[in-house]
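Structure file data_1.csv (CSV, C-alpha atoms (C1' of nucleotides)) follows.
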chain,number,residue,atom,x,y,z
A,22,MET,CA,97.0,109.0,99.5
A,23,HIS,CA,94.5,106.9,101.4
A,24,TYR,CA,95.2,103.7,103.1
A,25,GLU,CA,94.0,101.6,100.2
A,26,ASP,CA,96.5,103.4,97.9
A,27,LEU,CA,99.3,102.2,100.2
A,28,ILE,CA,98.0,98.7,99.9
A,29,ASN,CA,97.7,98.9,96.1
A,30,SER,CA,101.2,100.4,95.9
A,31,VAL,CA,102.6,97.2,97.5
A,32,LYS,CA,100.4,94.8,95.6
A,33,GLN,CA,101.0,96.4,92.2
A,34,ARG,CA,104.7,96.6,92.8
A,35,ARG,CA,104.8,93.0,94.0
A,36,ASP,CA,102.9,91.9,90.9
A,37,MET,CA,105.0,94.0,88.6
A,38,LEU,CA,108.1,92.2,90.0
A,39,ASN,CA,106.4,88.8,89.9
A,40,VAL,CA,106.9,88.2,93.5
A,41,THR,CA,104.5,86.1,95.6
A,42,GLN,CA,103.4,87.1,99.1
A,43,GLU,CA,105.6,84.3,100.5
A,44,MET,CA,108.7,85.6,98.6
A,45,LEU,CA,108.0,89.1,99.7
A,46,ALA,CA,107.6,88.0,103.3
A,47,ASP,CA,110.9,86.3,103.2
A,48,LEU,CA,112.7,89.2,101.4
A,49,SER,CA,111.3,91.9,103.6
A,50,GLY,CA,111.5,90.0,106.9
A,51,VAL,CA,107.8,90.7,107.5
A,52,GLY,CA,105.8,87.7,108.6
A,53,LEU,CA,103.7,86.1,105.9
A,54,ARG,CA,100.6,86.4,108.1
A,55,THR,CA,101.2,90.1,108.5
A,56,LEU,CA,101.7,90.7,104.8
A,57,LYS,CA,98.5,88.8,104.0
A,58,GLN,CA,96.6,90.8,106.5
A,59,PHE,CA,98.0,94.0,105.1
A,60,GLU,CA,97.2,93.2,101.5
A,61,SER,CA,93.7,92.1,102.3
A,62,GLY,CA,93.1,95.4,103.9
A,63,LYS,CA,92.6,94.0,107.4
A,64,GLY,CA,95.3,95.7,109.3
A,65,ASN,CA,96.8,98.8,110.8
A,66,PRO,CA,100.4,98.1,110.3
A,67,THR,CA,103.2,99.9,112.0
A,68,VAL,CA,105.6,102.1,110.1
A,69,GLU,CA,108.3,99.6,110.6
A,70,THR,CA,106.3,97.0,108.7
A,71,LEU,CA,105.6,99.4,105.9
A,72,GLN,CA,109.2,100.3,105.6
A,73,LYS,CA,110.4,96.7,105.5
A,74,LEU,CA,108.0,96.0,102.7
A,75,GLY,CA,109.0,99.2,100.9
A,76,ASP,CA,112.7,98.4,101.2
A,77,ALA,CA,112.2,95.0,99.7
A,78,LEU,CA,110.2,96.5,96.8
A,79,GLY,CA,112.2,99.6,96.1
A,80,LEU,CA,109.5,101.9,97.5
A,81,GLU,CA,110.0,104.6,100.1
A,82,LEU,CA,107.4,105.9,102.5
A,83,ASN,CA,107.1,109.7,102.7
A,84,PHE,CA,104.9,112.6,103.6
A,85,ARG,CA,103.9,114.9,100.8
A,86,VAL,CA,102.3,118.3,101.2
A,87,LYS,CA,98.7,117.8,100.1
A,88,ASN,CA,97.4,119.7,97.1
A,89,LEU,CA,94.2,121.3,98.3
A,90,ILE,CA,93.1,122.5,95.0
A,91,ALA,CA,93.1,119.4,92.9
A,92,GLU,CA,91.9,116.9,95.4
B,25,MET,CA,112.8,108.4,103.0
B,26,HIS,CA,114.0,107.2,106.4
B,27,TYR,CA,112.0,107.2,109.5
B,28,GLU,CA,113.6,110.3,110.8
B,29,ASP,CA,112.5,112.1,107.6
B,30,LEU,CA,108.9,111.2,108.5
B,31,ILE,CA,109.4,112.6,111.9
B,32,ASN,CA,111.0,115.8,110.5
B,33,SER,CA,108.2,116.2,108.1
B,34,VAL,CA,105.7,116.4,110.9
B,35,LYS,CA,107.9,118.6,113.1
B,36,GLN,CA,108.8,121.0,110.4
B,37,ARG,CA,105.2,121.3,109.2
B,38,ARG,CA,104.0,121.7,112.7
B,39,ASP,CA,106.5,124.5,113.4
B,40,MET,CA,105.7,126.1,110.1
B,41,LEU,CA,102.1,126.3,111.1
B,42,ASN,CA,102.9,127.5,114.6
B,43,VAL,CA,101.1,124.6,116.2
B,44,THR,CA,102.2,123.1,119.5
B,45,GLN,CA,102.3,119.3,120.2
B,46,GLU,CA,99.3,119.8,122.4
B,47,MET,CA,97.3,121.6,119.7
B,48,LEU,CA,98.3,119.0,117.1
B,49,ALA,CA,97.3,116.2,119.4
B,50,ASP,CA,93.9,117.7,119.8
B,51,LEU,CA,93.5,118.5,116.2
B,52,SER,CA,94.5,115.1,114.9
B,53,GLY,CA,92.9,113.0,117.6
B,54,VAL,CA,96.3,111.4,118.4
B,55,GLY,CA,97.1,111.2,122.1
B,56,LEU,CA,99.6,113.8,123.3
B,57,ARG,CA,101.8,111.0,124.7
B,58,THR,CA,101.9,109.2,121.4
B,59,LEU,CA,102.7,112.4,119.5
B,60,LYS,CA,105.5,113.2,121.9
B,61,GLN,CA,106.9,109.7,121.5
B,62,PHE,CA,106.8,109.9,117.8
B,63,GLU,CA,108.5,113.3,117.5
B,64,SER,CA,111.2,112.3,119.9
B,65,GLY,CA,111.9,109.3,117.7
B,66,LYS,CA,110.9,106.7,120.3
B,67,GLY,CA,108.1,105.0,118.6
B,68,ASN,CA,106.9,102.8,115.9
B,69,PRO,CA,103.6,104.3,115.2
B,70,THR,CA,100.8,102.6,113.2
B,71,VAL,CA,99.8,103.9,109.8
B,72,GLU,CA,96.6,105.1,111.4
B,73,THR,CA,98.5,107.4,113.7
B,74,LEU,CA,100.6,108.8,110.9
B,75,GLN,CA,97.6,109.4,108.8
B,76,LYS,CA,95.8,111.3,111.5
B,77,LEU,CA,98.8,113.5,112.0
B,78,GLY,CA,99.1,114.0,108.3
B,79,ASP,CA,95.5,114.8,107.9
B,80,ALA,CA,95.7,117.5,110.5
B,81,LEU,CA,98.8,119.0,108.9
B,82,GLY,CA,97.9,118.7,105.3
B,83,LEU,CA,100.4,116.0,104.6
B,84,GLU,CA,99.6,112.7,102.9
B,85,LEU,CA,101.5,109.5,103.4
B,86,ASN,CA,102.5,107.6,100.2
B,87,PHE,CA,104.9,105.1,98.7
B,88,ARG,CA,107.2,106.4,96.0
B,89,VAL,CA,109.4,104.3,93.7
B,90,LYS,CA,112.9,104.8,95.0
B,91,ASN,CA,115.4,106.5,92.8
B,92,LEU,CA,118.4,104.1,92.9
B,93,ILE,CA,120.8,106.4,91.1
B,94,ALA,CA,120.6,109.6,93.1
B,95,GLU,CA,120.4,108.2,96.6
C,23,DA,C1',117.7,135.4,136.5
C,24,DT,C1',113.2,133.7,136.6
C,25,DA,C1',108.7,132.5,135.2
C,26,DA,C1',105.8,130.4,131.8
C,27,DA,C1',105.3,127.5,127.9
C,28,DA,C1',106.5,123.6,125.4
C,29,DA,C1',108.7,119.3,125.0
C,30,DG,C1',110.3,114.9,126.9
C,31,DA,C1',110.0,110.8,130.1
C,32,DG,C1',108.3,107.2,133.7
C,33,DC,C1',104.6,104.4,135.1
C,34,DC,C1',100.6,101.7,134.1
C,35,DA,C1',96.4,99.8,131.9
C,36,DT,C1',94.2,98.5,127.7
C,37,DG,C1',94.0,97.2,123.1
C,38,DT,C1',95.9,95.4,119.2
C,39,DA,C1',99.9,94.5,115.7
C,40,DA,C1',103.0,90.7,114.6
C,41,DT,C1',103.6,86.1,114.1
C,42,DG,C1',103.2,80.9,113.5
C,43,DC,C1',100.4,77.1,112.5
C,44,DA,C1',96.7,74.9,110.4
C,45,DC,C1',92.9,75.3,107.5
C,46,DT,C1',90.0,77.1,103.6
C,47,DA,C1',89.2,79.6,99.2
C,48,DT,C1',90.5,81.0,94.8
C,49,DG,C1',92.5,80.4,90.3
C,50,DA,C1',95.2,78.6,86.7
C,51,DA,C1',96.9,74.5,84.1
C,52,DG,C1',96.6,69.9,82.8
D,19,DC,C1',87.4,67.4,87.5
D,20,DT,C1',91.9,67.3,89.7
D,21,DT,C1',96.1,69.3,91.1
D,22,DC,C1',99.1,72.6,92.5
D,23,DA,C1',100.3,77.4,93.6
D,24,DT,C1',98.8,81.4,95.6
D,25,DA,C1',96.0,84.1,98.5
D,26,DG,C1',92.9,84.7,102.6
D,27,DT,C1',91.1,83.3,107.5
D,28,DG,C1',90.7,81.5,112.6
D,29,DC,C1',93.0,81.0,116.7
D,30,DA,C1',96.4,81.7,120.3
D,31,DT,C1',100.5,84.0,122.1
D,32,DT,C1',103.8,87.6,122.7
D,33,DA,C1',105.2,92.1,122.2
D,34,DC,C1',104.4,96.7,122.0
D,35,DA,C1',101.5,101.0,120.5
D,36,DT,C1',98.2,104.0,122.5
D,37,DG,C1',97.0,107.3,125.8
D,38,DG,C1',96.2,109.4,130.5
D,39,DC,C1',98.6,111.2,134.5
D,40,DT,C1',102.4,113.1,136.7
D,41,DC,C1',107.0,114.8,136.8
D,42,DT,C1',111.4,116.6,134.8
D,43,DT,C1',113.9,119.0,131.3
D,44,DT,C1',114.4,122.4,127.9
D,45,DT,C1',113.2,126.5,125.5
D,46,DT,C1',111.4,131.1,125.2
D,47,DA,C1',110.2,135.6,126.8
D,48,DT,C1',110.4,139.3,130.1
Turn the structure described in the file into structure tokens.
Amino acid sequence: MHYEDLINSVKQRRDMLNVTQEMLADLSGVGLRTLKQFESGKGNPTVETLQKLGDALGLELNFRVKNLIAE
Amino acid sequence: MHYEDLINSVKQRRDMLNVTQEMLADLSGVGLRTLKQFESGKGNPTVETLQKLGDALGLELNFRVKNLIAE
DNA sequence: ATAAAAAGAGCCATGTAATGCACTATGAAG
DNA sequence: CTTCATAGTGCATTACATGGCTCTTTTTAT
């Protein structure tokens, strides 16, 4: 999963739940500015930021073994 | 997946591949100091750092929808 | 027991993530 | 076209992640 996929996971999930950036910022405890930067692809967030967002959205961050065959 | 699970994913995978911290630091392009901090649970790495480590170990970072029932 | 390898920690400099505030851009509804 | 909600950007500040160096601790092998 590339970085953009992480971004899209958050965006899509947020849209699916009908939550605005402002609401998600409040719910997750992540600053609105930080969330905006993340979603617009500008940042290099820390794992803590990702986990806060994930927690608020019911997503969990994990490492998966890559499938080398079906890239 | 909690933060410790991310750490353990890297440690276990590194051990499985018989790679030292020093080797992984070189392979991934992550500083040895940073890797040591991460594995010893001290840090709050950026997603870039996690992805570099993942790339070198054949792991990919992703968001999964949480299963609320079987926590 | 001891030596070598690997892992962890302190110190420090540099870069940048996080954040608030104010402003702009985009988009939808009237 | 205007208005309102939502999303994106510039700027400045603070906090901390990164990474090299050195030293200590732990683990492993002989």
Length of the C1' of DA23 in chain D to CA of Glu43 in chain A vector [Å]: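 Value for the C1' of DA23 in chain D-CA of Glu43 in chain A distance: 11.1 Å.
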Each residue of chain C with at least one atom at most 8 Å from chain B should appear once, together with its nearest atom pair and the corresponding distance in Å (one decimal); atoms considered: only C-alpha atoms (C1' of nucleotides); ordering: chain, then increasing residue number; output as a tab-separated table.
residue	atom	partner	partner_atom	distance
C:DA28	C1'	B:Thr44	CA	7.3
C:DA29	C1'	B:Lys60	CA	7.6
C:DG30	C1'	B:Lys60	CA	7.1
Would you write out those residues with C-alpha atoms (C1' of nucleotides), as a PDB file, in the coordinates of the input?
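In the end it all went to part12.pdb:
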ATOM      1  C1'  DA C  28     106.500 123.600 125.400  1.00  0.00           C
ATOM      2  C1'  DA C  29     108.700 119.300 125.000  1.00  0.00           C
ATOM      3  C1'  DG C  30     110.300 114.900 126.900  1.00  0.00           C
TER       4       DG C  30
END
For range 26-43 of chain B: contacts at 8 Å, all atoms listed in the file, fewer than 3 positions along chain excluded, given as a PyMOL selection string: (chain A and resi 81-84) or (chain B and resi 47-48+62-63+65+77-78+81)
Length of the C1' of DT20 in chain D to C1' of DA47 in chain C vector [Å]: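 One can read the C1' of DT20 in chain D to C1' of DA47 in chain C distance as 15.8 Å.
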Exercise answer, chain D residues close to chain B, 8 Å and only C-alpha atoms (C1' of nucleotides), as a VMD selection string: chain D and resid 35 to 37
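Put simply, C1' of DT27 in chain D is 21.1 Å away from C1' of DG37 in chain C.
Residues in contact range of DA27 in chain C, defined as at most 10 Å between all atoms listed in the file, with sequence neighbours fewer than 4 positions away removed, read Thr44 of chain B; DT45, DT46 and DA47 of chain D.
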